[in-house]
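Peer 1: Please find query_21.cif (mmCIF, C-alpha atoms) on the next line:
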data_target
#
loop_
_atom_site.label_atom_id
_atom_site.label_comp_id
_atom_site.auth_asym_id
_atom_site.auth_seq_id
_atom_site.Cartn_x
_atom_site.Cartn_y
_atom_site.Cartn_z
CA MET A 1215 0.59 -14.84 4.63
CA ALA A 1216 0.33 -11.82 2.35
CA ASP A 1217 3.89 -12.14 1.08
CA GLY A 1218 4.12 -15.91 0.87
CA PRO A 1219 4.81 -17.98 -2.23
CA ASP A 1220 1.10 -18.62 -2.64
CA ARG A 1221 0.39 -15.00 -3.44
CA THR A 1222 -2.05 -14.57 -6.31
CA TYR A 1223 -2.21 -11.66 -8.73
CA PRO A 1224 -3.20 -8.92 -9.01
CA HIS A 1225 -2.12 -8.46 -5.41
CA LEU A 1226 -3.39 -5.52 -3.38
CA HIS A 1227 -1.02 -4.15 -0.72
CA LEU A 1228 -2.66 -1.83 1.84
CA ARG A 1229 -0.89 0.50 4.22
CA LEU A 1230 -2.82 2.63 6.66
CA THR A 1231 -1.02 5.67 8.09
CA PHE A 1232 -2.24 7.40 11.24
CA ALA A 1233 -2.04 11.04 12.23
CA ASN A 1234 0.66 10.09 14.77
CA GLY A 1235 2.95 9.04 11.87
CA GLY A 1236 2.67 5.33 12.57
CA TRP A 1237 1.37 2.91 9.97
CA ILE A 1238 0.26 -0.67 9.60
CA GLY A 1239 0.68 -2.74 6.45
CA PRO A 1240 0.85 -6.41 5.50
CA GLY A 1241 4.18 -7.06 7.26
CA LYS A 1242 2.99 -5.85 10.66
CA ALA A 1243 -0.34 -7.62 10.19
CA ASP A 1244 1.46 -10.85 9.32
CA LEU A 1245 3.63 -10.41 12.41
CA LEU A 1246 0.56 -10.07 14.64
CA GLU A 1247 -0.99 -13.11 12.99
CA GLY A 1248 2.26 -15.07 13.38
CA ILE A 1249 2.50 -14.21 17.08
CA ALA A 1250 -1.13 -15.24 17.61
CA GLU A 1251 -0.57 -18.55 15.82
CA THR A 1252 2.92 -19.50 17.01
CA GLY A 1253 2.80 -18.00 20.52
CA SER A 1254 6.13 -16.22 20.16
CA ILE A 1255 7.91 -13.46 18.29
CA SER A 1256 10.65 -15.88 17.32
CA GLY A 1257 8.10 -18.29 15.85
CA ALA A 1258 6.46 -15.50 13.92
CA SER A 1259 9.80 -14.19 12.66
CA ARG A 1260 10.89 -17.65 11.46
CA ARG A 1261 7.64 -18.08 9.58
CA MET A 1262 8.16 -14.72 7.89
CA GLY A 1263 11.82 -15.30 7.07
CA MET A 1264 12.66 -12.23 9.16
CA SER A 1265 15.32 -11.80 11.86
CA TYR A 1266 14.15 -11.99 15.46
CA LYS A 1267 15.63 -8.54 16.02
CA ARG A 1268 13.59 -7.03 13.20
CA ALA A 1269 10.39 -8.76 14.34
CA TRP A 1270 10.95 -7.53 17.91
CA GLY A 1271 11.48 -4.01 16.56
CA LEU A 1272 8.22 -4.17 14.60
CA ALA A 1273 6.34 -5.43 17.66
CA GLU A 1274 7.77 -2.55 19.70
CA ALA A 1275 6.75 -0.09 16.97
CA LEU A 1276 3.23 -1.49 17.00
CA ASN A 1277 3.04 -1.22 20.77
CA ALA A 1278 4.19 2.41 20.66
CA MET A 1279 1.72 3.32 17.93
CA PHE A 1280 -1.46 2.32 19.75
CA GLN A 1281 -2.97 3.51 23.01
CA THR A 1282 -2.49 0.11 24.63
CA PRO A 1283 0.12 -2.50 23.70
CA LEU A 1284 -0.82 -5.05 21.02
CA VAL A 1285 1.80 -7.64 22.00
CA THR A 1286 2.91 -8.78 25.42
CA ALA A 1287 6.17 -10.67 25.44
CA SER A 1288 8.68 -11.98 27.90
CA ARG A 1289 12.08 -11.57 26.35
CA GLY A 1290 13.89 -14.73 27.32
CA GLY A 1291 17.54 -15.64 26.75
CA PRO A 1292 18.61 -17.84 23.87
CA ALA A 1293 15.25 -19.56 23.49
CA HIS A 1294 13.31 -16.27 23.49
CA GLY A 1295 10.19 -16.18 25.60
CA GLY A 1296 6.62 -16.50 24.54
CA ALA A 1297 4.43 -13.70 23.27
CA GLU A 1298 0.75 -13.18 22.72
CA LEU A 1299 -1.68 -10.62 21.41
CA THR A 1300 -3.64 -8.46 23.78
CA GLU A 1301 -7.31 -7.72 23.20
CA ALA A 1302 -6.22 -4.55 21.34
CA GLY A 1303 -3.81 -6.64 19.26
CA ARG A 1304 -6.58 -9.01 18.23
CA ALA A 1305 -8.82 -6.06 17.40
CA VAL A 1306 -6.16 -4.35 15.27
CA LEU A 1307 -5.43 -7.57 13.37
CA ALA A 1308 -9.12 -8.26 12.79
CA HIS A 1309 -9.80 -4.72 11.55
CA TYR A 1310 -6.78 -4.78 9.23
CA ARG A 1311 -7.87 -8.13 7.75
CA ALA A 1312 -11.42 -6.88 7.36
CA LEU A 1313 -10.17 -3.70 5.67
CA GLN A 1314 -8.12 -5.85 3.31
CA ALA A 1315 -11.03 -8.15 2.48
CA ARG A 1316 -13.51 -5.31 1.99
CA ALA A 1317 -11.13 -3.31 -0.17
CA CYS A 1318 -10.43 -6.35 -2.36
CA GLU A 1319 -14.11 -7.07 -2.70
CA ALA A 1320 -15.11 -3.49 -3.47
CA GLY A 1321 -12.21 -2.98 -5.87
CA ALA A 1322 -12.39 -6.36 -7.62
CA ALA A 1323 -13.72 -5.04 -10.93
CA ASP A 1324 -11.14 -2.24 -11.11
CA MET A 1325 -8.30 -4.59 -10.16
CA GLU A 1326 -9.39 -7.02 -12.88
CA ALA A 1327 -9.60 -4.23 -15.43
CA LEU A 1328 -6.10 -3.03 -14.51
CA ALA A 1329 -4.71 -6.57 -14.63
CA ALA A 1330 -6.30 -7.11 -18.04
CA LEU A 1331 -4.44 -4.03 -19.35
CA ALA A 1332 -1.11 -5.20 -17.90
CA ARG A 1333 1.44 -6.89 -20.10
CA GLY A 1334 1.37 -10.67 -19.80
CA SER A 1335 -2.13 -10.66 -18.31
CA ASP A 1336 -3.10 -13.63 -20.52
CA MET A 1337 -0.69 -15.79 -18.51
CA ALA A 1338 -1.49 -14.39 -15.09
CA GLY A 1339 -3.08 -16.20 -12.17
CA ARG A 1340 -6.07 -14.35 -10.82
CA LYS A 1341 -7.18 -13.89 -7.26
CA MET B 897 -2.38 14.65 -4.73
CA ALA B 898 -2.18 11.61 -2.48
CA ASP B 899 1.03 12.72 -0.79
CA GLY B 900 0.41 16.43 -0.61
CA PRO B 901 0.27 18.59 2.51
CA ASP B 902 -3.52 18.36 2.51
CA ARG B 903 -3.42 14.65 3.28
CA THR B 904 -5.98 13.63 5.88
CA TYR B 905 -5.72 10.76 8.33
CA PRO B 906 -6.06 7.87 8.52
CA HIS B 907 -4.54 7.71 5.06
CA LEU B 908 -4.89 4.55 2.96
CA HIS B 909 -2.01 3.81 0.57
CA LEU B 910 -2.80 1.20 -2.10
CA ARG B 911 -0.31 -0.63 -4.27
CA LEU B 912 -1.46 -3.13 -6.87
CA THR B 913 1.14 -5.64 -8.09
CA PHE B 914 0.67 -7.58 -11.32
CA ALA B 915 1.81 -11.07 -12.27
CA ASN B 916 4.47 -9.49 -14.51
CA GLY B 917 6.13 -8.01 -11.41
CA GLY B 918 5.08 -4.44 -12.16
CA TRP B 919 3.01 -2.39 -9.76
CA ILE B 920 1.09 0.84 -9.52
CA GLY B 921 0.68 2.90 -6.39
CA PRO B 922 -0.09 6.51 -5.45
CA GLY B 923 3.18 7.90 -6.87
CA LYS B 924 2.64 6.51 -10.36
CA ALA B 925 -1.04 7.46 -10.28
CA ASP B 926 -0.12 11.01 -9.25
CA LEU B 927 2.40 11.12 -12.09
CA LEU B 928 -0.26 10.10 -14.62
CA GLU B 929 -2.62 12.70 -13.19
CA GLY B 930 0.09 15.35 -13.27
CA ILE B 931 0.91 14.61 -16.92
CA ALA B 932 -2.78 14.78 -17.83
CA GLU B 933 -3.17 18.09 -16.02
CA THR B 934 0.11 19.84 -16.88
CA GLY B 935 0.71 18.40 -20.36
CA SER B 936 4.29 17.43 -19.63
CA ILE B 937 6.45 15.11 -17.56
CA SER B 938 8.47 18.09 -16.33
CA GLY B 939 5.28 19.84 -15.17
CA ALA B 940 4.13 16.71 -13.38
CA SER B 941 7.55 16.20 -11.77
CA ARG B 942 7.68 19.80 -10.51
CA ARG B 943 4.26 19.46 -8.98
CA MET B 944 5.35 16.28 -7.21
CA GLY B 945 8.69 17.71 -6.05
CA MET B 946 10.41 14.91 -7.97
CA SER B 947 13.34 15.15 -10.38
CA TYR B 948 12.55 15.10 -14.09
CA LYS B 949 14.80 12.07 -14.46
CA ARG B 950 12.89 10.11 -11.83
CA ALA B 951 9.53 11.07 -13.32
CA TRP B 952 10.72 10.06 -16.79
CA GLY B 953 11.88 6.71 -15.37
CA LEU B 954 8.49 6.11 -13.73
CA ALA B 955 6.70 6.94 -16.99
CA GLU B 956 8.95 4.49 -18.83
CA ALA B 957 8.26 1.83 -16.20
CA LEU B 958 4.51 2.39 -16.60
CA ASN B 959 4.78 2.13 -20.37
CA ALA B 960 6.71 -1.15 -20.11
CA MET B 961 4.25 -2.63 -17.62
CA PHE B 962 1.13 -2.37 -19.76
CA GLN B 963 0.29 -3.83 -23.15
CA THR B 964 0.15 -0.39 -24.74
CA PRO B 965 1.96 2.75 -23.59
CA LEU B 966 0.19 4.97 -21.06
CA VAL B 967 2.23 8.10 -21.77
CA THR B 968 3.41 9.52 -25.10
CA ALA B 969 6.14 12.10 -24.82
CA SER B 970 8.54 13.99 -27.00
CA ARG B 971 11.77 14.35 -25.09
CA GLY B 972 12.96 17.78 -25.93
CA GLY B 973 16.17 19.59 -24.95
CA PRO B 974 16.43 21.87 -21.93
CA ALA B 975 12.74 22.80 -21.95
CA HIS B 976 11.59 19.16 -22.17
CA GLY B 977 8.81 18.39 -24.66
CA GLY B 978 5.15 17.86 -23.95
CA ALA B 979 3.54 14.62 -22.87
CA GLU B 980 0.03 13.28 -22.68
CA LEU B 981 -1.87 10.21 -21.59
CA THR B 982 -3.04 7.67 -24.13
CA GLU B 983 -6.48 6.12 -23.92
CA ALA B 984 -4.88 3.26 -21.93
CA GLY B 985 -3.25 5.82 -19.64
CA ARG B 986 -6.56 7.49 -18.92
CA ALA B 987 -8.15 4.07 -18.29
CA VAL B 988 -5.39 3.00 -15.87
CA LEU B 989 -5.62 6.28 -13.94
CA ALA B 990 -9.41 6.09 -13.77
CA HIS B 991 -9.39 2.48 -12.55
CA TYR B 992 -6.72 3.20 -9.94
CA ARG B 993 -8.66 6.21 -8.61
CA ALA B 994 -11.88 4.16 -8.57
CA LEU B 995 -10.10 1.35 -6.72
CA GLN B 996 -8.84 3.87 -4.19
CA ALA B 997 -12.27 5.45 -3.69
CA ARG B 998 -14.08 2.10 -3.44
CA ALA B 999 -11.53 0.68 -1.02
CA CYS B 1000 -11.78 3.76 1.20
CA GLU B 1001 -15.55 3.64 1.17
CA ALA B 1002 -15.77 -0.10 1.85
CA GLY B 1003 -13.10 0.03 4.55
CA ALA B 1004 -14.20 3.26 6.23
CA ALA B 1005 -15.54 1.63 9.40
CA ASP B 1006 -12.42 -0.52 9.88
CA MET B 1007 -10.13 2.44 9.21
CA GLU B 1008 -12.01 4.52 11.76
CA ALA B 1009 -11.82 1.72 14.29
CA LEU B 1010 -8.06 1.39 13.77
CA ALA B 1011 -7.55 5.14 13.98
CA ALA B 1012 -9.57 5.25 17.21
CA LEU B 1013 -7.19 2.68 18.74
CA ALA B 1014 -4.09 4.58 17.63
CA ARG B 1015 -2.23 6.79 20.05
CA GLY B 1016 -3.15 10.45 19.72
CA SER B 1017 -6.37 9.68 17.88
CA ASP B 1018 -8.24 12.28 19.93
CA MET B 1019 -6.19 14.97 18.19
CA ALA B 1020 -6.27 13.48 14.69
CA GLY B 1021 -7.93 14.97 11.64
CA ARG B 1022 -10.32 12.55 10.02
CA LYS B 1023 -10.97 11.87 6.36
#
Now that the file is in, can you turn its structure into structure tokens?

Peer 2:
Amino acid sequence: MADGPDRTYPHLHLRLTFANGGWIGPGKADLLEGIAETGSISGASRRMGMSYKRAWGLAEALNAMFQTPLVTASRGGPAHGGAELTEAGRAVLAHYRALQARACEAGAADMEALAALARGSDMAGRK
Amino acid sequence: MADGPDRTYPHLHLRLTFANGGWIGPGKADLLEGIAETGSISGASRRMGMSYKRAWGLAEALNAMFQTPLVTASRGGPAHGGAELTEAGRAVLAHYRALQARACEAGAADMEALAALARGSDMAGRK
């Protein structure tokens, strides 16, 4: 998870904004990943330390932002129903992760140079 | 300027966080660029549509984050004194811009794929 306790530094945070005003960043990507791995929005939200309401809102925002929904969910009473990614949801997650990996790889030398100039860099963990 | 009216889409926003808790993103990079190009924090802040106080605070945060100051400034009365980038300031700006350019180049195909899935992509301007 991008924001988990295992984060290493320097840490690159990527947000991609579309012409329609919507955007995807690490939180929405982590939500998609959490839904894929836990099979529910509630499971994903617990893993992210986020309220179910907020996670549901993010999933709705993602669905509205793309031409086809990314998440299909059955909203179910106290237990909350299951959820899964659609084909578009899997594609969006995969492209975001690939963007992240390629950006980190291409920018590695510049990120290291910036981290070396930062205060305390002699004590810093490196990605 | 990353956040100007000429922004094209999809737009990639990069924030790099260091182990010391500090971070640099497009706002701070634009501030450094504005100081280099206008010769003052007030000039940079005007260009960014940001208050002088906020710009001064960002410059101070940048100076505290790195081993040597990035910006030297003489704070002067109503007219506000001049400011310039140090060698470290020019290096940080150059590495951030290079990181941005390399990330955009390496991630171009994934960004295009994501933009093509987004709602309204048939009307979107492309970078």

Peer 1: Once you count all atoms listed in the file, which residues of chain A turn out to be within 6 Å of chain B? Could you give them as a ChimeraX atom specification?

Peer 2: /A:1223-1233,1279-1281,1309,1313,1316-1317,1320-1321,1324,1331-1333,1338

Peer 1: Between atom CA of Ala1258 of chain A and atom CA of Asp1244 of chain A, what distance in Å does the model show, to one decimal?

Peer 2: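 These two atoms are separated by 8.2 Å.
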
Peer 1: Could you tell me how far atom CA of Lys924 of chain B sits from atom CA of Met1264 of chain A, in Å to one decimal place?

Peer 2: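 Interatomic distance, atom CA of Met1264 of chain A to atom CA of Lys924 of chain B: 28.9 Å.
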
Peer 1: Write out the coordinates of chain B as a CSV table (one decimal) with C-alpha atoms, in the frame of the given file after a least-squares overlay onto chain A built on all ordered Cα pairs.

Peer 2:
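Saved to selection-v1.csv:
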chain,number,residue,atom,x,y,z
B,897,MET,CA,0.6,-14.9,4.6
B,898,ALA,CA,0.3,-11.8,2.4
B,899,ASP,CA,3.8,-12.2,1.0
B,900,GLY,CA,4.1,-15.9,0.8
B,901,PRO,CA,4.8,-18.0,-2.2
B,902,ASP,CA,1.1,-18.6,-2.6
B,903,ARG,CA,0.4,-15.0,-3.4
B,904,THR,CA,-2.1,-14.6,-6.3
B,905,TYR,CA,-2.2,-11.7,-8.7
B,906,PRO,CA,-3.2,-8.9,-9.0
B,907,HIS,CA,-2.1,-8.5,-5.4
B,908,LEU,CA,-3.4,-5.5,-3.4
B,909,HIS,CA,-1.0,-4.2,-0.7
B,910,LEU,CA,-2.6,-1.8,1.8
B,911,ARG,CA,-0.9,0.5,4.2
B,912,LEU,CA,-2.8,2.6,6.6
B,913,THR,CA,-1.0,5.7,8.1
B,914,PHE,CA,-2.2,7.4,11.2
B,915,ALA,CA,-2.0,11.0,12.3
B,916,ASN,CA,0.7,10.1,14.8
B,917,GLY,CA,2.9,9.1,11.9
B,918,GLY,CA,2.7,5.3,12.6
B,919,TRP,CA,1.4,2.9,10.0
B,920,ILE,CA,0.3,-0.7,9.6
B,921,GLY,CA,0.7,-2.7,6.5
B,922,PRO,CA,0.8,-6.4,5.5
B,923,GLY,CA,4.2,-7.0,7.3
B,924,LYS,CA,3.0,-5.9,10.7
B,925,ALA,CA,-0.4,-7.6,10.2
B,926,ASP,CA,1.5,-10.9,9.3
B,927,LEU,CA,3.6,-10.4,12.4
B,928,LEU,CA,0.6,-10.1,14.6
B,929,GLU,CA,-1.0,-13.1,13.0
B,930,GLY,CA,2.2,-15.1,13.4
B,931,ILE,CA,2.5,-14.2,17.1
B,932,ALA,CA,-1.1,-15.2,17.6
B,933,GLU,CA,-0.6,-18.5,15.8
B,934,THR,CA,2.9,-19.5,17.0
B,935,GLY,CA,2.8,-18.0,20.5
B,936,SER,CA,6.1,-16.2,20.2
B,937,ILE,CA,7.9,-13.4,18.3
B,938,SER,CA,10.7,-15.9,17.3
B,939,GLY,CA,8.1,-18.3,15.9
B,940,ALA,CA,6.4,-15.5,13.9
B,941,SER,CA,9.8,-14.2,12.7
B,942,ARG,CA,10.9,-17.6,11.5
B,943,ARG,CA,7.7,-18.1,9.6
B,944,MET,CA,8.2,-14.7,7.9
B,945,GLY,CA,11.8,-15.3,7.1
B,946,MET,CA,12.7,-12.2,9.2
B,947,SER,CA,15.3,-11.8,11.9
B,948,TYR,CA,14.2,-12.0,15.5
B,949,LYS,CA,15.6,-8.5,16.0
B,950,ARG,CA,13.6,-7.0,13.2
B,951,ALA,CA,10.4,-8.8,14.4
B,952,TRP,CA,11.0,-7.5,17.9
B,953,GLY,CA,11.5,-4.0,16.6
B,954,LEU,CA,8.2,-4.2,14.6
B,955,ALA,CA,6.3,-5.4,17.7
B,956,GLU,CA,7.8,-2.6,19.7
B,957,ALA,CA,6.8,-0.1,17.0
B,958,LEU,CA,3.2,-1.5,17.0
B,959,ASN,CA,3.0,-1.2,20.8
B,960,ALA,CA,4.2,2.4,20.7
B,961,MET,CA,1.7,3.3,17.9
B,962,PHE,CA,-1.5,2.3,19.7
B,963,GLN,CA,-3.0,3.5,23.0
B,964,THR,CA,-2.5,0.1,24.6
B,965,PRO,CA,0.1,-2.5,23.7
B,966,LEU,CA,-0.8,-5.0,21.0
B,967,VAL,CA,1.8,-7.6,22.0
B,968,THR,CA,2.9,-8.8,25.4
B,969,ALA,CA,6.2,-10.7,25.5
B,970,SER,CA,8.7,-12.0,27.9
B,971,ARG,CA,12.1,-11.6,26.3
B,972,GLY,CA,14.0,-14.7,27.3
B,973,GLY,CA,17.6,-15.7,26.7
B,974,PRO,CA,18.7,-17.8,23.8
B,975,ALA,CA,15.3,-19.5,23.4
B,976,HIS,CA,13.3,-16.3,23.5
B,977,GLY,CA,10.2,-16.2,25.6
B,978,GLY,CA,6.6,-16.5,24.6
B,979,ALA,CA,4.4,-13.7,23.3
B,980,GLU,CA,0.7,-13.2,22.7
B,981,LEU,CA,-1.7,-10.6,21.4
B,982,THR,CA,-3.7,-8.5,23.8
B,983,GLU,CA,-7.3,-7.7,23.2
B,984,ALA,CA,-6.2,-4.6,21.4
B,985,GLY,CA,-3.8,-6.6,19.3
B,986,ARG,CA,-6.6,-9.0,18.2
B,987,ALA,CA,-8.8,-6.0,17.4
B,988,VAL,CA,-6.2,-4.3,15.3
B,989,LEU,CA,-5.4,-7.6,13.4
B,990,ALA,CA,-9.1,-8.2,12.8
B,991,HIS,CA,-9.8,-4.7,11.5
B,992,TYR,CA,-6.8,-4.8,9.2
B,993,ARG,CA,-7.8,-8.1,7.7
B,994,ALA,CA,-11.4,-6.9,7.4
B,995,LEU,CA,-10.2,-3.7,5.7
B,996,GLN,CA,-8.1,-5.8,3.3
B,997,ALA,CA,-11.0,-8.2,2.5
B,998,ARG,CA,-13.5,-5.3,2.0
B,999,ALA,CA,-11.1,-3.3,-0.2
B,1000,CYS,CA,-10.4,-6.3,-2.4
B,1001,GLU,CA,-14.1,-7.1,-2.7
B,1002,ALA,CA,-15.1,-3.5,-3.5
B,1003,GLY,CA,-12.2,-3.0,-5.9
B,1004,ALA,CA,-12.4,-6.3,-7.6
B,1005,ALA,CA,-13.7,-5.0,-10.9
B,1006,ASP,CA,-11.1,-2.2,-11.1
B,1007,MET,CA,-8.3,-4.6,-10.2
B,1008,GLU,CA,-9.4,-7.0,-12.9
B,1009,ALA,CA,-9.6,-4.2,-15.4
B,1010,LEU,CA,-6.1,-3.0,-14.5
B,1011,ALA,CA,-4.7,-6.6,-14.6
B,1012,ALA,CA,-6.3,-7.1,-18.0
B,1013,LEU,CA,-4.4,-4.0,-19.3
B,1014,ALA,CA,-1.1,-5.2,-17.9
B,1015,ARG,CA,1.5,-6.9,-20.1
B,1016,GLY,CA,1.4,-10.7,-19.8
B,1017,SER,CA,-2.1,-10.7,-18.3
B,1018,ASP,CA,-3.1,-13.6,-20.5
B,1019,MET,CA,-0.7,-15.8,-18.6
B,1020,ALA,CA,-1.5,-14.4,-15.1
B,1021,GLY,CA,-3.1,-16.2,-12.2
B,1022,ARG,CA,-6.1,-14.5,-10.9
B,1023,LYS,CA,-7.3,-14.0,-7.3

Peer 1: Between atom CA of Arg986 of chain B and atom CA of Ser947 of chain B, what is the spacing in Å?

Peer 2: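 Interatomic distance here is 23.0 Å.
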
Peer 1: I need the residue set behind the PyMOL selection byres ((chain A and resi 1261) around 10) for this file; please write it as JSON, numbers by chain.

Peer 2: {"A": [1215, 1218, 1244, 1245, 1248, 1249, 1252, 1255, 1256, 1257, 1258, 1259, 1260, 1262, 1263, 1264]}

Peer 1: Quick one: which residues end up in the PyMOL selection byres ((chain A and resi 1297) around 7) for this structure, as a list in words?

Peer 2: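 In the shown coordinates, the PyMOL selection byres ((chain A and resi 1297) around 7) covers Ile1249, Gly1253, Ser1254, Ile1255, Val1285, Thr1286, Ala1287, Ser1288, Gly1295, Gly1296 and Glu1298 of chain A.
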
Peer 1: Mind rebuilding segment 982-1008 of chain B with N, CA and C atoms and writing that out as a PDB file, keeping the file's coordinate frame?

Peer 2:
ATOM      1  N   THR B 982      -2.311   8.396 -23.100  1.00  0.00           N
ATOM      2  CA  THR B 982      -3.040   7.670 -24.130  1.00  0.00           C
ATOM      3  C   THR B 982      -4.398   7.241 -23.557  1.00  0.00           C
ATOM      4  N   GLU B 983      -5.194   6.648 -24.397  1.00  0.00           N
ATOM      5  CA  GLU B 983      -6.480   6.120 -23.920  1.00  0.00           C
ATOM      6  C   GLU B 983      -6.235   5.094 -22.795  1.00  0.00           C
ATOM      7  N   ALA B 984      -5.215   4.243 -22.977  1.00  0.00           N
ATOM      8  CA  ALA B 984      -4.880   3.260 -21.930  1.00  0.00           C
ATOM      9  C   ALA B 984      -4.436   3.977 -20.655  1.00  0.00           C
ATOM     10  N   GLY B 985      -3.705   5.058 -20.805  1.00  0.00           N
ATOM     11  CA  GLY B 985      -3.250   5.820 -19.640  1.00  0.00           C
ATOM     12  C   GLY B 985      -4.413   6.405 -18.858  1.00  0.00           C
ATOM     13  N   ARG B 986      -5.373   6.933 -19.608  1.00  0.00           N
ATOM     14  CA  ARG B 986      -6.560   7.490 -18.920  1.00  0.00           C
ATOM     15  C   ARG B 986      -7.351   6.373 -18.231  1.00  0.00           C
ATOM     16  N   ALA B 987      -7.409   5.200 -18.888  1.00  0.00           N
ATOM     17  CA  ALA B 987      -8.150   4.070 -18.290  1.00  0.00           C
ATOM     18  C   ALA B 987      -7.462   3.592 -17.008  1.00  0.00           C
ATOM     19  N   VAL B 988      -6.131   3.475 -17.053  1.00  0.00           N
ATOM     20  CA  VAL B 988      -5.390   3.000 -15.870  1.00  0.00           C
ATOM     21  C   VAL B 988      -5.575   3.986 -14.713  1.00  0.00           C
ATOM     22  N   LEU B 989      -5.439   5.276 -14.997  1.00  0.00           N
ATOM     23  CA  LEU B 989      -5.620   6.280 -13.940  1.00  0.00           C
ATOM     24  C   LEU B 989      -7.035   6.219 -13.362  1.00  0.00           C
ATOM     25  N   ALA B 990      -8.019   6.119 -14.242  1.00  0.00           N
ATOM     26  CA  ALA B 990      -9.410   6.090 -13.770  1.00  0.00           C
ATOM     27  C   ALA B 990      -9.673   4.847 -12.915  1.00  0.00           C
ATOM     28  N   HIS B 991      -9.164   3.697 -13.343  1.00  0.00           N
ATOM     29  CA  HIS B 991      -9.390   2.480 -12.550  1.00  0.00           C
ATOM     30  C   HIS B 991      -8.641   2.533 -11.216  1.00  0.00           C
ATOM     31  N   TYR B 992      -7.446   3.107 -11.205  1.00  0.00           N
ATOM     32  CA  TYR B 992      -6.720   3.200  -9.940  1.00  0.00           C
ATOM     33  C   TYR B 992      -7.465   4.130  -8.966  1.00  0.00           C
ATOM     34  N   ARG B 993      -7.934   5.278  -9.470  1.00  0.00           N
ATOM     35  CA  ARG B 993      -8.660   6.210  -8.610  1.00  0.00           C
ATOM     36  C   ARG B 993      -9.977   5.591  -8.112  1.00  0.00           C
ATOM     37  N   ALA B 994     -10.634   4.819  -8.986  1.00  0.00           N
ATOM     38  CA  ALA B 994     -11.880   4.160  -8.570  1.00  0.00           C
ATOM     39  C   ALA B 994     -11.593   3.103  -7.507  1.00  0.00           C
ATOM     40  N   LEU B 995     -10.496   2.360  -7.706  1.00  0.00           N
ATOM     41  CA  LEU B 995     -10.100   1.350  -6.720  1.00  0.00           C
ATOM     42  C   LEU B 995      -9.855   2.009  -5.365  1.00  0.00           C
ATOM     43  N   GLN B 996      -9.152   3.124  -5.403  1.00  0.00           N
ATOM     44  CA  GLN B 996      -8.840   3.870  -4.190  1.00  0.00           C
ATOM     45  C   GLN B 996     -10.137   4.335  -3.488  1.00  0.00           C
ATOM     46  N   ALA B 997     -11.025   4.914  -4.266  1.00  0.00           N
ATOM     47  CA  ALA B 997     -12.270   5.450  -3.690  1.00  0.00           C
ATOM     48  C   ALA B 997     -13.137   4.319  -3.136  1.00  0.00           C
ATOM     49  N   ARG B 998     -13.240   3.220  -3.889  1.00  0.00           N
ATOM     50  CA  ARG B 998     -14.080   2.100  -3.440  1.00  0.00           C
ATOM     51  C   ARG B 998     -13.497   1.421  -2.212  1.00  0.00           C
ATOM     52  N   ALA B 999     -12.167   1.295  -2.185  1.00  0.00           N
ATOM     53  CA  ALA B 999     -11.530   0.680  -1.020  1.00  0.00           C
ATOM     54  C   ALA B 999     -11.744   1.544   0.218  1.00  0.00           C
ATOM     55  N   CYS B1000     -11.601   2.854   0.064  1.00  0.00           N
ATOM     56  CA  CYS B1000     -11.780   3.760   1.200  1.00  0.00           C
ATOM     57  C   CYS B1000     -13.219   3.725   1.707  1.00  0.00           C
ATOM     58  N   GLU B1001     -14.142   3.656   0.773  1.00  0.00           N
ATOM     59  CA  GLU B1001     -15.550   3.640   1.170  1.00  0.00           C
ATOM     60  C   GLU B1001     -15.882   2.319   1.885  1.00  0.00           C
ATOM     61  N   ALA B1002     -15.448   1.215   1.287  1.00  0.00           N
ATOM     62  CA  ALA B1002     -15.770  -0.100   1.850  1.00  0.00           C
ATOM     63  C   ALA B1002     -15.070  -0.318   3.193  1.00  0.00           C
ATOM     64  N   GLY B1003     -13.885   0.281   3.343  1.00  0.00           N
ATOM     65  CA  GLY B1003     -13.100   0.030   4.550  1.00  0.00           C
ATOM     66  C   GLY B1003     -13.229   1.129   5.592  1.00  0.00           C
ATOM     67  N   ALA B1004     -14.132   2.080   5.361  1.00  0.00           N
ATOM     68  CA  ALA B1004     -14.200   3.260   6.230  1.00  0.00           C
ATOM     69  C   ALA B1004     -14.382   2.896   7.707  1.00  0.00           C
ATOM     70  N   ALA B1005     -15.268   1.969   7.990  1.00  0.00           N
ATOM     71  CA  ALA B1005     -15.540   1.630   9.400  1.00  0.00           C
ATOM     72  C   ALA B1005     -14.308   1.000  10.044  1.00  0.00           C
ATOM     73  N   ASP B1006     -13.616   0.110   9.309  1.00  0.00           N
ATOM     74  CA  ASP B1006     -12.420  -0.520   9.880  1.00  0.00           C
ATOM     75  C   ASP B1006     -11.292   0.497  10.042  1.00  0.00           C
ATOM     76  N   MET B1007     -11.171   1.410   9.081  1.00  0.00           N
ATOM     77  CA  MET B1007     -10.130   2.440   9.210  1.00  0.00           C
ATOM     78  C   MET B1007     -10.415   3.342  10.406  1.00  0.00           C
ATOM     79  N   GLU B1008     -11.655   3.678  10.603  1.00  0.00           N
ATOM     80  CA  GLU B1008     -12.010   4.520  11.760  1.00  0.00           C
ATOM     81  C   GLU B1008     -11.741   3.796  13.070  1.00  0.00           C
TER      82      GLU B1008
END
